[in-house]
>>> print(open('run.cif').read())   # mmCIF, C-alpha atoms and all ligand atoms
data_coords
#
loop_
_atom_site.label_atom_id
_atom_site.label_comp_id
_atom_site.auth_asym_id
_atom_site.auth_seq_id
_atom_site.Cartn_x
_atom_site.Cartn_y
_atom_site.Cartn_z
CA MET A 9 -16.21 -6.72 2.10
CA LYS A 10 -16.35 -3.20 3.44
CA LYS A 11 -16.64 0.34 2.15
CA ALA A 12 -14.13 3.12 2.92
CA LEU A 13 -14.67 6.81 2.34
CA ILE A 14 -11.28 8.43 1.72
CA ILE A 15 -11.21 12.22 2.10
CA GLY A 16 -8.40 14.06 0.31
CA ALA A 17 -6.62 13.32 -2.96
CA GLY A 18 -3.08 14.55 -2.26
CA GLY A 19 0.23 12.74 -1.76
CA VAL A 20 -0.83 10.64 1.22
CA ALA A 21 -4.34 9.93 -0.09
CA SER A 22 -2.87 8.58 -3.33
CA VAL A 23 -0.87 5.98 -1.35
CA VAL A 24 -3.91 5.07 0.78
CA VAL A 25 -5.96 4.53 -2.38
CA HIS A 26 -3.24 2.39 -4.02
CA LYS A 27 -2.84 0.25 -0.90
CA CYS A 28 -6.61 -0.20 -0.37
CA CYS A 29 -6.81 -1.39 -3.97
CA GLN A 30 -4.16 -4.02 -3.16
CA HIS A 31 -6.57 -5.43 -0.52
CA PRO A 32 -9.95 -5.79 -2.24
CA ASP A 33 -10.89 -8.54 0.23
CA VAL A 34 -11.01 -5.86 2.95
CA PHE A 35 -11.72 -2.72 0.92
CA GLY A 36 -14.47 -3.94 -1.39
CA GLU A 37 -15.49 -0.41 -2.33
CA ILE A 38 -13.85 2.96 -1.87
CA MET A 39 -15.08 6.48 -2.46
CA ILE A 40 -12.34 9.08 -3.06
CA ALA A 41 -13.76 12.50 -2.18
CA SER A 42 -11.88 15.77 -2.15
CA ARG A 43 -12.07 19.47 -2.89
CA THR A 44 -10.72 19.05 -6.43
CA LYS A 45 -12.64 16.18 -8.04
CA SER A 46 -10.29 15.89 -11.03
CA LYS A 47 -7.54 14.61 -8.70
CA CYS A 48 -9.93 11.90 -7.42
CA ASP A 49 -10.89 10.98 -10.99
CA ALA A 50 -7.22 10.74 -12.01
CA LEU A 51 -6.61 8.21 -9.22
CA LYS A 52 -9.69 6.23 -10.20
CA GLU A 53 -8.65 6.16 -13.85
CA LYS A 54 -5.15 4.96 -12.96
CA LEU A 55 -6.33 2.14 -10.70
CA GLU A 56 -9.77 0.89 -11.72
CA ASN A 57 -8.55 -1.68 -14.23
CA THR A 58 -5.88 -3.03 -11.89
CA THR A 59 -8.02 -3.98 -8.87
CA LYS A 60 -11.21 -5.71 -7.78
CA THR A 61 -11.93 -2.78 -5.42
CA LYS A 62 -14.82 -0.75 -6.81
CA ILE A 63 -13.87 2.94 -6.97
CA GLN A 64 -16.18 5.96 -6.95
CA THR A 65 -15.28 9.65 -6.73
CA ALA A 66 -16.99 12.80 -5.49
CA GLN A 67 -16.39 16.47 -4.88
CA VAL A 68 -16.68 17.51 -1.24
CA ASP A 69 -15.75 20.51 0.86
CA ALA A 70 -14.71 18.82 4.09
CA ASP A 71 -15.02 22.09 6.02
CA LYS A 72 -18.81 21.69 5.63
CA VAL A 73 -20.43 19.05 7.83
CA PRO A 74 -23.74 18.88 5.87
CA GLU A 75 -21.86 18.16 2.61
CA LEU A 76 -19.93 15.36 4.30
CA VAL A 77 -23.05 13.86 5.88
CA ALA A 78 -24.90 13.94 2.54
CA LEU A 79 -22.01 12.09 0.91
CA MET A 80 -21.94 9.52 3.73
CA LYS A 81 -25.69 8.93 3.39
CA GLN A 82 -25.23 8.32 -0.30
CA PHE A 83 -22.15 6.03 -0.07
CA GLN A 84 -22.84 4.38 3.33
CA PRO A 85 -19.19 3.81 4.35
CA ASP A 86 -17.96 1.49 7.12
CA ILE A 87 -15.01 3.79 7.84
CA CYS A 88 -13.99 7.35 6.99
CA ILE A 89 -10.24 7.81 6.36
CA ASN A 90 -9.31 11.48 6.70
CA VAL A 91 -6.21 12.24 4.64
CA ALA A 92 -7.16 15.83 3.84
CA LEU A 93 -5.52 18.46 6.06
CA PRO A 94 -5.51 18.78 9.88
CA TYR A 95 -7.87 21.78 9.61
CA GLN A 96 -10.68 19.41 8.55
CA ASP A 97 -10.34 16.93 11.45
CA LEU A 98 -13.16 18.32 13.58
CA THR A 99 -15.71 18.81 10.82
CA ILE A 100 -15.05 15.27 9.57
CA MET A 101 -15.38 13.89 13.12
CA ASP A 102 -18.65 15.82 13.50
CA ALA A 103 -19.94 14.29 10.27
CA CYS A 104 -18.89 10.78 11.36
CA LEU A 105 -20.87 11.24 14.58
CA GLU A 106 -23.90 12.60 12.78
CA TYR A 107 -23.98 9.80 10.20
CA GLY A 108 -22.60 7.06 12.48
CA VAL A 109 -19.30 5.78 11.06
CA ASP A 110 -15.81 5.04 12.42
CA TYR A 111 -13.05 7.62 11.84
CA LEU A 112 -9.28 7.57 11.25
CA ASP A 113 -6.74 10.33 10.54
CA THR A 114 -2.97 10.89 10.31
CA ALA A 115 -2.48 14.31 11.90
CA ASN A 116 -4.04 16.09 14.85
CA TYR A 117 -6.38 19.04 14.53
CA GLU A 118 -4.81 22.42 14.21
CA PRO A 119 -6.71 25.70 13.95
CA LEU A 120 -5.85 27.66 10.79
CA ASP A 121 -4.82 30.77 12.72
CA THR A 122 -2.45 29.23 15.32
CA ALA A 123 0.29 26.73 14.50
CA LYS A 124 -0.32 24.68 17.65
CA PHE A 125 -0.41 20.90 17.63
CA GLU A 126 -2.47 19.56 20.50
CA TYR A 127 -4.85 16.64 20.96
CA LYS A 128 -7.19 18.52 23.29
CA TRP A 129 -9.69 19.40 20.57
CA GLN A 130 -10.02 15.81 19.38
CA TRP A 131 -9.81 14.20 22.82
CA ALA A 132 -12.84 16.34 23.71
CA TYR A 133 -14.85 14.06 21.35
CA ARG A 134 -14.24 10.95 23.52
CA GLU A 135 -17.60 10.87 25.24
CA ARG A 136 -19.54 11.50 22.04
CA PHE A 137 -17.78 8.63 20.21
CA GLU A 138 -18.23 6.35 23.25
CA LYS A 139 -21.95 7.09 23.46
CA ALA A 140 -22.36 6.55 19.72
CA GLY A 141 -20.46 3.23 19.93
CA LEU A 142 -18.02 4.50 17.29
CA THR A 143 -14.21 4.23 17.04
CA ALA A 144 -11.95 7.18 16.21
CA VAL A 145 -8.27 6.38 15.60
CA LEU A 146 -6.06 9.47 15.80
CA GLY A 147 -2.68 9.98 14.16
CA CYS A 148 -2.29 6.76 12.17
CA GLY A 149 0.52 7.72 9.77
CA PHE A 150 4.17 6.97 10.52
CA ASP A 151 4.94 9.68 13.04
CA PRO A 152 2.49 9.93 14.65
CA GLY A 153 1.26 6.44 13.97
CA VAL A 154 3.82 3.65 13.61
CA THR A 155 5.94 5.37 16.29
CA GLY A 156 3.02 4.82 18.72
CA VAL A 157 2.51 1.22 17.60
CA PHE A 158 6.27 0.63 18.02
CA SER A 159 5.98 1.98 21.59
CA ALA A 160 3.05 -0.30 22.44
CA TYR A 161 4.90 -3.27 20.90
CA ALA A 162 8.11 -2.52 22.84
CA LEU A 163 6.14 -2.29 26.08
CA LYS A 164 4.18 -5.47 25.40
CA HIS A 165 7.12 -7.67 24.38
CA HIS A 166 10.38 -6.20 25.67
CA PHE A 167 9.96 -4.07 28.78
CA ASP A 168 8.35 -4.03 32.20
CA GLU A 169 8.72 -0.26 32.12
CA ILE A 170 9.87 2.22 29.43
CA ASN A 171 11.63 5.31 30.84
CA TYR A 172 13.08 7.08 27.79
CA ILE A 173 11.93 7.27 24.18
CA ASP A 174 13.77 9.07 21.38
CA ILE A 175 11.91 9.12 18.08
CA LEU A 176 14.31 9.65 15.16
CA ASP A 177 12.89 10.66 11.77
CA CYS A 178 15.55 10.64 9.07
CA ASN A 179 14.90 11.44 5.46
CA GLY A 180 18.05 10.71 3.47
CA GLY A 181 16.22 11.40 0.20
CA ASP A 182 17.33 13.92 -2.42
CA HIS A 183 14.77 15.41 -4.84
CA GLY A 184 17.26 17.65 -6.63
CA TYR A 185 15.37 20.91 -5.96
CA PRO A 186 17.12 23.65 -3.96
CA PHE A 187 14.04 23.78 -1.68
CA ALA A 188 10.88 21.68 -1.51
CA THR A 189 8.93 20.00 1.25
CA ASN A 190 8.10 16.29 1.28
CA PHE A 191 4.52 16.73 2.36
CA ASN A 192 2.07 19.61 2.36
CA PRO A 193 4.41 22.67 2.51
CA GLU A 194 2.10 24.71 4.70
CA ILE A 195 1.79 22.00 7.36
CA ASN A 196 5.49 21.09 7.09
CA ILE A 197 6.77 24.66 7.46
CA ARG A 198 4.37 25.40 10.32
CA GLU A 199 5.78 22.33 12.07
CA VAL A 200 9.49 23.05 11.62
CA SER A 201 9.40 26.79 12.24
CA ALA A 202 7.57 26.35 15.56
CA LYS A 203 9.43 26.22 18.89
CA GLY A 204 10.83 22.82 19.82
CA SER A 205 9.72 20.95 22.91
CA TYR A 206 10.04 17.65 24.72
CA ILE A 207 8.59 16.09 27.84
CA GLU A 208 10.71 15.50 30.92
CA ASP A 209 9.35 14.35 34.31
CA GLY A 210 5.78 15.04 33.23
CA LYS A 211 6.46 18.61 32.08
CA TRP A 212 6.94 20.19 28.67
CA VAL A 213 10.38 21.78 28.19
CA GLU A 214 10.36 24.40 25.42
CA THR A 215 13.35 25.21 23.16
CA GLU A 216 13.93 27.77 20.42
CA PRO A 217 13.26 26.40 16.90
CA MET A 218 16.15 24.06 15.90
CA GLU A 219 18.04 24.90 19.13
CA ILE A 220 18.98 21.29 19.97
CA LYS A 221 21.08 19.54 17.35
CA ARG A 222 22.53 16.00 17.39
CA GLU A 223 24.32 13.80 14.87
CA TYR A 224 23.26 10.20 14.26
CA ASN A 225 24.54 7.45 12.02
CA PHE A 226 21.39 5.92 10.48
CA ASP A 227 21.32 2.36 9.16
CA GLN A 228 21.37 2.40 5.32
CA VAL A 229 21.44 6.22 5.22
CA GLY A 230 24.58 7.30 7.08
CA MET A 231 25.53 10.23 9.29
CA LYS A 232 22.96 13.05 9.46
CA ASP A 233 22.33 16.20 11.50
CA MET A 234 19.03 16.03 13.33
CA TYR A 235 17.13 18.65 15.32
CA LEU A 236 14.73 18.42 18.22
CA LEU A 237 11.17 19.36 17.21
CA HIS A 238 7.84 19.46 18.94
CA HIS A 239 5.78 16.54 17.63
CA GLU A 240 2.25 15.53 18.39
CA GLU A 241 2.82 11.93 19.52
CA LEU A 242 4.92 13.15 22.47
CA GLU A 243 1.71 14.35 24.11
CA SER A 244 -0.16 11.05 23.86
CA LEU A 245 2.80 8.71 24.48
CA ALA A 246 3.75 10.55 27.68
CA ILE A 247 0.28 9.68 28.98
CA ASN A 248 -0.23 6.23 27.49
CA ILE A 249 3.18 4.63 28.15
CA PRO A 250 3.56 4.24 31.93
CA GLY A 251 6.91 5.03 33.54
CA ILE A 252 8.06 7.57 30.94
CA LYS A 253 10.65 10.03 32.28
CA ARG A 254 11.60 11.72 29.01
CA ILE A 255 10.40 11.62 25.43
CA ARG A 256 11.97 13.54 22.53
CA PHE A 257 11.53 13.78 18.77
CA PHE A 258 14.34 14.49 16.28
CA MET A 259 14.11 15.10 12.53
CA THR A 260 17.00 15.34 10.07
CA PHE A 261 17.45 18.46 7.94
CA GLY A 262 20.18 19.32 5.47
CA GLN A 263 21.99 22.64 5.67
CA SER A 264 20.50 23.87 2.37
CA TYR A 265 16.92 23.28 3.59
CA LEU A 266 17.64 25.17 6.82
CA THR A 267 19.33 28.09 5.04
CA HIS A 268 16.38 28.46 2.64
CA LEU A 269 13.91 28.22 5.50
CA LYS A 270 15.74 30.86 7.54
CA CYS A 271 15.81 33.21 4.57
CA LEU A 272 12.08 32.68 3.86
CA GLU A 273 11.37 33.26 7.55
CA ASN A 274 13.51 36.42 7.65
CA VAL A 275 11.59 37.98 4.77
CA GLY A 276 8.21 37.06 6.27
CA MET A 277 7.21 34.36 3.77
CA THR A 278 6.48 31.71 6.41
CA SER A 279 4.08 33.91 8.36
CA ILE A 280 0.47 32.77 8.86
CA GLU A 281 -0.69 36.36 9.60
CA PRO A 282 -2.82 37.58 6.67
CA ILE A 283 -1.52 40.64 4.76
CA MET A 284 -3.16 42.87 2.14
CA TYR A 285 -1.75 42.42 -1.38
CA GLU A 286 -3.20 44.47 -4.26
CA GLY A 287 -6.49 44.86 -2.44
CA LYS A 288 -6.78 41.17 -1.54
CA GLU A 289 -5.99 39.50 1.76
CA ILE A 290 -3.38 36.73 1.42
CA VAL A 291 -1.51 34.53 3.91
CA PRO A 292 2.22 34.58 3.05
CA LEU A 293 2.70 30.88 3.89
CA GLN A 294 -0.22 29.89 1.66
CA PHE A 295 1.25 31.97 -1.16
CA LEU A 296 4.62 30.26 -0.61
CA LYS A 297 2.88 26.87 -0.87
CA ALA A 298 1.53 27.90 -4.26
CA VAL A 299 5.01 28.60 -5.67
CA LEU A 300 6.82 25.58 -4.17
CA PRO A 301 6.95 22.21 -5.95
CA ASP A 302 3.88 20.05 -5.28
CA PRO A 303 5.07 17.23 -2.93
CA ALA A 304 3.14 14.77 -5.09
CA SER A 305 5.47 15.67 -7.99
CA LEU A 306 8.64 14.71 -6.07
CA GLY A 307 8.12 10.96 -6.54
CA PRO A 308 9.98 10.42 -9.80
CA ARG A 309 12.95 12.59 -8.79
CA THR A 310 13.58 11.55 -5.20
CA VAL A 311 16.37 9.04 -4.56
CA GLY A 312 17.66 7.67 -1.26
CA LYS A 313 16.01 6.24 1.85
CA THR A 314 14.08 7.20 4.94
CA ASN A 315 14.83 5.65 8.31
CA ILE A 316 12.27 6.31 11.05
CA GLY A 317 12.03 4.64 14.44
CA ASN A 318 12.16 4.73 18.22
CA ILE A 319 15.00 4.11 20.64
CA PHE A 320 13.70 2.85 23.98
CA ILE A 321 15.49 2.70 27.31
CA GLY A 322 13.72 0.93 30.13
CA LYS A 323 13.74 -1.98 32.50
CA LYS A 324 13.18 -5.70 32.03
CA ASP A 325 13.42 -8.08 34.98
CA GLY A 326 15.09 -5.36 37.05
CA LYS A 327 17.85 -4.69 34.49
CA GLU A 328 18.30 -1.69 32.17
CA LYS A 329 17.47 -2.59 28.56
CA HIS A 330 18.00 -0.72 25.27
CA TYR A 331 15.92 -1.40 22.15
CA TYR A 332 15.66 0.32 18.74
CA LEU A 333 12.76 -0.41 16.38
CA TYR A 334 12.85 1.22 12.95
CA ASN A 335 11.88 1.02 9.31
CA VAL A 336 14.01 1.83 6.29
CA CYS A 337 12.08 2.82 3.18
CA ASP A 338 13.50 3.47 -0.31
CA HIS A 339 12.05 6.44 -2.22
CA GLN A 340 12.47 4.83 -5.66
CA GLU A 341 11.00 1.48 -4.56
CA CYS A 342 7.91 3.37 -3.36
CA TYR A 343 7.72 5.24 -6.62
CA LYS A 344 7.89 2.00 -8.60
CA GLU A 345 5.10 0.47 -6.53
CA VAL A 346 2.60 3.32 -6.11
CA GLY A 347 4.00 6.37 -7.92
CA SER A 348 4.87 8.30 -4.71
CA GLN A 349 7.97 9.10 -2.71
CA ALA A 350 8.67 7.50 0.68
CA VAL A 351 7.28 10.29 2.89
CA SER A 352 3.79 9.89 1.41
CA TYR A 353 4.28 6.10 1.36
CA THR A 354 5.31 5.80 5.01
CA THR A 355 2.20 7.83 5.97
CA GLY A 356 -0.34 6.26 3.61
CA VAL A 357 0.51 2.60 4.28
CA PRO A 358 -0.09 2.85 8.07
CA ALA A 359 -3.34 4.75 7.44
CA MET A 360 -4.56 1.89 5.25
CA ILE A 361 -3.42 -0.68 7.84
CA GLY A 362 -5.18 1.22 10.65
CA ALA A 363 -8.40 1.26 8.61
CA MET A 364 -7.96 -2.48 7.97
CA MET A 365 -7.58 -3.05 11.74
CA VAL A 366 -10.86 -1.23 12.41
CA LEU A 367 -12.73 -2.93 9.55
CA LYS A 368 -11.54 -6.38 10.69
CA GLY A 369 -12.77 -5.60 14.22
CA LEU A 370 -9.22 -5.84 15.66
CA TRP A 371 -9.07 -2.16 16.63
CA LYS A 372 -12.73 -1.61 17.31
CA LYS A 373 -13.83 -0.09 20.60
CA PRO A 374 -16.05 2.90 21.34
CA GLY A 375 -14.21 6.16 21.93
CA VAL A 376 -11.36 8.30 20.62
CA PHE A 377 -7.93 6.64 20.76
CA ASN A 378 -4.30 7.15 19.86
CA VAL A 379 -2.76 4.15 18.14
CA GLU A 380 -0.69 3.01 21.14
CA GLU A 381 -3.96 2.25 22.96
CA PHE A 382 -4.66 -0.73 20.66
CA ASP A 383 -3.04 -4.18 20.37
CA PRO A 384 0.13 -3.56 18.31
CA ASP A 385 0.65 -7.17 17.14
CA PRO A 386 -1.74 -7.43 14.15
CA PHE A 387 -0.60 -3.98 12.95
CA MET A 388 3.10 -4.93 13.24
CA GLU A 389 2.38 -8.07 11.22
CA GLN A 390 0.73 -6.03 8.47
CA LEU A 391 3.65 -3.56 8.36
CA ASN A 392 5.87 -6.47 7.33
CA LEU A 393 3.36 -7.65 4.73
CA CYS A 394 2.41 -4.24 3.29
CA GLY A 395 5.77 -2.71 2.41
CA LEU A 396 7.09 -1.26 5.69
CA PRO A 397 9.10 -4.08 7.30
CA TRP A 398 10.68 -3.22 10.65
CA LYS A 399 14.09 -3.97 12.08
CA GLU A 400 15.27 -4.39 15.65
CA ASP A 401 18.56 -3.46 17.29
CA PHE A 402 19.20 -4.59 20.86
CA ASN A 403 22.39 -2.58 21.24
CA PRO A 404 21.71 0.77 19.56
CA VAL A 405 23.90 3.85 19.77
CA LEU A 406 22.01 6.18 22.13
CA VAL A 407 21.32 9.87 21.51
CA PRO A 408 23.11 12.08 24.09
P1 LIG B 501 -1.71 17.32 0.29
O1 LIG B 501 -1.70 18.79 0.38
O2 LIG B 501 -0.92 16.65 -0.79
O3 LIG B 501 -3.21 16.81 0.16
C1 LIG B 501 -4.25 17.31 0.92
C2 LIG B 501 -5.56 16.95 0.21
O4 LIG B 501 -6.65 17.43 1.00
C3 LIG B 501 -5.68 17.64 -1.16
O5 LIG B 501 -6.20 16.72 -2.07
C4 LIG B 501 -6.67 18.77 -0.85
O6 LIG B 501 -7.47 19.17 -1.94
C5 LIG B 501 -7.55 18.12 0.17
N1 LIG B 501 -8.27 19.14 0.93
C6 LIG B 501 -7.78 20.25 1.55
N2 LIG B 501 -8.78 20.97 2.07
C7 LIG B 501 -9.92 20.31 1.78
C8 LIG B 501 -11.28 20.54 2.06
N3 LIG B 501 -11.69 21.62 2.76
N4 LIG B 501 -12.19 19.67 1.61
C9 LIG B 501 -11.81 18.56 0.90
N5 LIG B 501 -10.53 18.28 0.62
C10 LIG B 501 -9.61 19.14 1.05
O7 LIG B 501 -1.27 16.78 1.73
P2 LIG B 501 -0.57 15.38 2.07
O8 LIG B 501 -1.25 14.29 1.30
O9 LIG B 501 0.89 15.54 1.99
O10 LIG B 501 -0.94 15.24 3.62
C11 LIG B 501 -2.21 14.73 4.01
C12 LIG B 501 -2.27 14.64 5.54
O11 LIG B 501 -1.28 13.75 6.03
C13 LIG B 501 -2.01 15.97 6.27
O12 LIG B 501 -2.93 16.08 7.32
C14 LIG B 501 -0.62 15.80 6.82
O13 LIG B 501 -0.42 16.57 7.99
C15 LIG B 501 -0.62 14.32 7.14
N6 LIG B 501 0.73 13.74 7.26
C16 LIG B 501 0.96 12.89 8.31
C17 LIG B 501 2.20 12.30 8.47
C18 LIG B 501 2.40 11.28 9.54
O14 LIG B 501 3.42 10.57 9.52
N7 LIG B 501 1.52 11.11 10.50
C19 LIG B 501 3.32 12.60 7.56
C20 LIG B 501 2.94 13.41 6.43
C21 LIG B 501 1.70 13.98 6.32
P3 LIG B 501 -6.89 20.06 -3.17
O15 LIG B 501 -6.32 19.01 -4.07
O16 LIG B 501 -8.06 20.74 -3.72
O17 LIG B 501 -5.86 20.98 -2.59
#
>>> encode(input="run.cif", output="structure tokens", more="lines below")
Ligand code: NDP
Amino acid sequence: MKKALIIGAGGVASVVVHKCCQHPDVFGEIMIASRTKSKCDALKEKLENTTKTKIQTAQVDADKVPELVALMKQFQPDICINVALPYQDLTIMDACLEYGVDYLDTANYEPLDTAKFEYKWQWAYRERFEKAGLTAVLGCGFDPGVTGVFSAYALKHHFDEINYIDILDCNGGDHGYPFATNFNPEINIREVSAKGSYIEDGKWVETEPMEIKREYNFDQVGMKDMYLLHHEELESLAINIPGIKRIRFFMTFGQSYLTHLKCLENVGMTSIEPIMYEGKEIVPLQFLKAVLPDPASLGPRTVGKTNIGNIFIGKKDGKEKHYYLYNVCDHQECYKEVGSQAVSYTTGVPAMIGAMMVLKGLWKKPGVFNVEEFDPDPFMEQLNLCGLPWKEDFNPVLVP
């Protein structure tokens, strides 16, 4: 039985904690540590009488390496699961190196002052993790995360060479608010208001935000508008999946969401440039986050389904082959099981599975890795067992 230190106590962390508690044989003890200890305590109180997993809580500022190392020395974890915010990735990786423990996260590092998603900061830790004999698993949510595992699985079992990948992220859920984001509003808005981009013939092609729009008829959700976004797994998959000619990422958005976002953008509310307000410096986007609904509160009100997956085009035995791997997840089913909506669920379950892979020694090798660099099979098996079953389509409609 192993010990996991879980950093963060938000929407995704809550799912990770629930799912770890469903596997006490692997997660014998967990420590939930976050900035606001009361949120950790609330999770402990909800779960401690329902599981054999022993739960402890602590307050920690994950921007401070010495605080993290002190906590690790006290708890002695076998893995550190980072489900705080991307800004904390590097300090938590530093602490893992200093104490000597494996690391896993769900989103790549991003400096507070530039909305730029790149792996370069975390890939720069490769040699240090290798030398320390420690494993760091990057981006182990759904996208990035399962989308990388899907790619490794497709390559292993269905293709000699994959040439095109389209990742389609559809949220057909309705929370009834005129405007709310399904995960941390600051991170979400930074992501969708940035320029779009995709990789073609080894080069990044940049687009204006929301410039490329397509329609797609999603299984169990229906017809949706989707828009090409920059997304972090494009960077790693273009390197790790040989033979790739083009890789794109599309996310669905409703017209109301886009109209609200445009209006907020036009009045300067999505800016990350600090401004002075009544003698105090504030960041407009952080202020906006404070007035928007907390994503963790959307669970009870969200109905509908998500459908996220990858369409692959490649070659098998000299012939062109098409293959679509996806998961459909129901917001209300997630809420019934763990008290969260499907966006937190589809991120938290893969994070727990990734940690399980490392703790069981199945994904254990020294260095810093993206998920597609590990054996996909045991992870794919757990997806089916842990609430995110996948479906295959060998004749999918392609995205023009
Ligand atoms: P939330 O905002 O709900 O939760 C973030 C948590 O981190 C909060 O508990 C917050 O504390 C805590 N935190 C923030 N700063 C610190 C700090 N300095 N020290 C300690 N704790 C801190 O976010 P989500 O749960 O929605 O998202 C969590 C992560 O998951 C994000 O990195 C997000 O980008 C990623 N994600 C990944 C997806 C994927 O598919 N790969 C999809 C969705 C999200 P406090 O309560 O005090 O604010």
>>> atom_distance(input="run.cif", atom1="CA of Pro74 in chain A", atom2="CA of Ala103 in chain A")
7.4 Å
>>> residues_around(input="run.cif", residues="Ser205 in chain A", least_positions_apart="6", cutoff="6 Å", atoms="only C-alpha atoms", output="MDAnalysis selection string")
chainID A and resid 213:215 238
>>> residues_near_ligand(input="run.cif", ligand="ligand LIG 501 (chain B)", cutoff="7 Å", atoms="all atoms listed in the file", output="PDB file with C-alpha atoms, in the frame of the given file")
ATOM      1  CA  ILE A  15     -11.210  12.220   2.100  1.00  0.00           C
ATOM      2  CA  GLY A  16      -8.400  14.060   0.310  1.00  0.00           C
ATOM      3  CA  ALA A  17      -6.620  13.320  -2.960  1.00  0.00           C
ATOM      4  CA  GLY A  18      -3.080  14.550  -2.260  1.00  0.00           C
ATOM      5  CA  GLY A  19       0.230  12.740  -1.760  1.00  0.00           C
ATOM      6  CA  VAL A  20      -0.830  10.640   1.220  1.00  0.00           C
ATOM      7  CA  ALA A  21      -4.340   9.930  -0.090  1.00  0.00           C
ATOM      8  CA  SER A  42     -11.880  15.770  -2.150  1.00  0.00           C
ATOM      9  CA  ARG A  43     -12.070  19.470  -2.890  1.00  0.00           C
ATOM     10  CA  THR A  44     -10.720  19.050  -6.430  1.00  0.00           C
ATOM     11  CA  LYS A  47      -7.540  14.610  -8.700  1.00  0.00           C
ATOM     12  CA  VAL A  68     -16.680  17.510  -1.240  1.00  0.00           C
ATOM     13  CA  ASP A  69     -15.750  20.510   0.860  1.00  0.00           C
ATOM     14  CA  ALA A  70     -14.710  18.820   4.090  1.00  0.00           C
ATOM     15  CA  ASP A  71     -15.020  22.090   6.020  1.00  0.00           C
ATOM     16  CA  VAL A  91      -6.210  12.240   4.640  1.00  0.00           C
ATOM     17  CA  ALA A  92      -7.160  15.830   3.840  1.00  0.00           C
ATOM     18  CA  LEU A  93      -5.520  18.460   6.060  1.00  0.00           C
ATOM     19  CA  PRO A  94      -5.510  18.780   9.880  1.00  0.00           C
ATOM     20  CA  GLN A  96     -10.680  19.410   8.550  1.00  0.00           C
ATOM     21  CA  THR A 114      -2.970  10.890  10.310  1.00  0.00           C
ATOM     22  CA  ALA A 115      -2.480  14.310  11.900  1.00  0.00           C
ATOM     23  CA  GLY A 147      -2.680   9.980  14.160  1.00  0.00           C
ATOM     24  CA  CYS A 148      -2.290   6.760  12.170  1.00  0.00           C
ATOM     25  CA  GLY A 149       0.520   7.720   9.770  1.00  0.00           C
ATOM     26  CA  PHE A 150       4.170   6.970  10.520  1.00  0.00           C
ATOM     27  CA  ASP A 151       4.940   9.680  13.040  1.00  0.00           C
ATOM     28  CA  PRO A 152       2.490   9.930  14.650  1.00  0.00           C
ATOM     29  CA  GLY A 153       1.260   6.440  13.970  1.00  0.00           C
ATOM     30  CA  PHE A 191       4.520  16.730   2.360  1.00  0.00           C
ATOM     31  CA  ASN A 192       2.070  19.610   2.360  1.00  0.00           C
ATOM     32  CA  ILE A 195       1.790  22.000   7.360  1.00  0.00           C
ATOM     33  CA  PRO A 303       5.070  17.230  -2.930  1.00  0.00           C
ATOM     34  CA  ALA A 304       3.140  14.770  -5.090  1.00  0.00           C
ATOM     35  CA  VAL A 351       7.280  10.290   2.890  1.00  0.00           C
ATOM     36  CA  SER A 352       3.790   9.890   1.410  1.00  0.00           C
ATOM     37  CA  THR A 354       5.310   5.800   5.010  1.00  0.00           C
ATOM     38  CA  THR A 355       2.200   7.830   5.970  1.00  0.00           C
TER      39      THR A 355
END
>>> atom_distance(input="run.cif", atom1="CA of Gln340 in chain A", atom2="CA of Gly180 in chain A")
12.2 Å
>>> atom_distance(input="run.cif", atom1="CA of Met234 in chain A", atom2="CA of Asn318 in chain A")
14.1 Å
